[in-house]
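This report refers to the structure that appears directly beneath it.
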Amino acid sequence: MKRVDHVGSSEKFIADEKHIQFHDKRLWELRTGRDAEVHGIAEWEELRSLASGIKEHTLTHLADYLEQFERNATANGVTVHWAKDAEEHNRIVYEILSQRHARLLGKHLATAVRNAAPA
């Protein structure tokens with residue numbers, strides 16, 4: 001399985017001065033664009049407060065929602081894997097990819113996997 005070194009590639013990319021400038025410019029554009037949109041929404045603060053409440057509720061009841069998701073996914077034929085930590089997650093992902101003879105491991109397959117090979 002060929003591994004893609006996203007961390008190394010990112011470090012190399014951002015080390016180049018022109019990429020730093022590009023990144024800073026892009027972040028600034030995103031922030032100013034967001035600010036411009038906010039001014040056009042009269043109830044912005046109310047929406048922020050509502051979103052904050054939804055987030056707090058969801059995080060407070062996350063275990064219940066995850067179990068509900070597992071029940072629904074399983075009922076639809078999906079296999080749900082649980083991992084207690086990043087190491088176990090990586091092992092599970094690596095086993096799944098190995099069983100399917102995957103040749104390339106990239107972020108689109110498993111965002112959090114950095115070291116897919118089990119220790």
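Starting from 1 in every chain, residues are counted up; chains themselves are A, B, ... following the order of the structure tokens, and ligands are numbered from 1 as listed.
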
Backbone DSSP call of strand (DSSP E or B) for chain A, listed as a ChimeraX atom specification: /A:2-3,104-105

Atoms kept (N, CA and C atoms) for selection, written as a PDB file, in the first residue's frame:
ATOM      1  N   LYS A   2       0.695   2.119  -0.967  1.00  0.00           N
ATOM      2  CA  LYS A   2       1.474   3.343  -1.061  1.00  0.00           C
ATOM      3  C   LYS A   2       0.866   4.387  -0.131  1.00  0.00           C
ATOM      4  N   ARG A   3       1.699   5.004   0.690  1.00  0.00           N
ATOM      5  CA  ARG A   3       1.220   6.004   1.640  1.00  0.00           C
ATOM      6  C   ARG A   3       1.491   7.403   1.113  1.00  0.00           C
ATOM      7  N   LEU A 104      -3.262   2.767  -2.081  1.00  0.00           N
ATOM      8  CA  LEU A 104      -2.971   4.162  -1.786  1.00  0.00           C
ATOM      9  C   LEU A 104      -3.772   4.582  -0.567  1.00  0.00           C
ATOM     10  N   LEU A 105      -3.093   5.152   0.397  1.00  0.00           N
ATOM     11  CA  LEU A 105      -3.756   5.643   1.596  1.00  0.00           C
ATOM     12  C   LEU A 105      -3.631   7.154   1.601  1.00  0.00           C
TER      13      LEU A 105
END

Residues near range 63-69 of chain A, anyone? I mean within 12 Å using only C-alpha atoms, not counting same-chain ones fewer than 5 positions away, as a PyMOL selection string. chain A and resi 57-58+74-76+78-82

Would you put the residues from that selection into a file with C-alpha atoms, as a compact mmCIF listing (two decimals), in the first residue's frame?
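File produced: part-v5.txt:
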# COMPACT_ATOMS: atom_id res chain seq x y z
CA HIS A 57 -27.07 20.00 23.29
CA THR A 58 -25.47 17.72 20.70
CA THR A 74 -26.57 -1.33 11.19
CA ALA A 75 -30.24 -1.66 10.26
CA ASN A 76 -29.25 -0.46 6.78
CA VAL A 78 -23.55 -0.77 7.42
CA THR A 79 -20.79 -2.04 9.68
CA VAL A 80 -19.89 0.49 12.38
CA HIS A 81 -16.46 0.26 14.01
CA TRP A 82 -15.72 1.71 17.44

So what do you get for CA of Ala73 in chain A versus CA of Leu97 in chain A, distance-wise?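 Distance reported for this atom pair: 20.2 Å.
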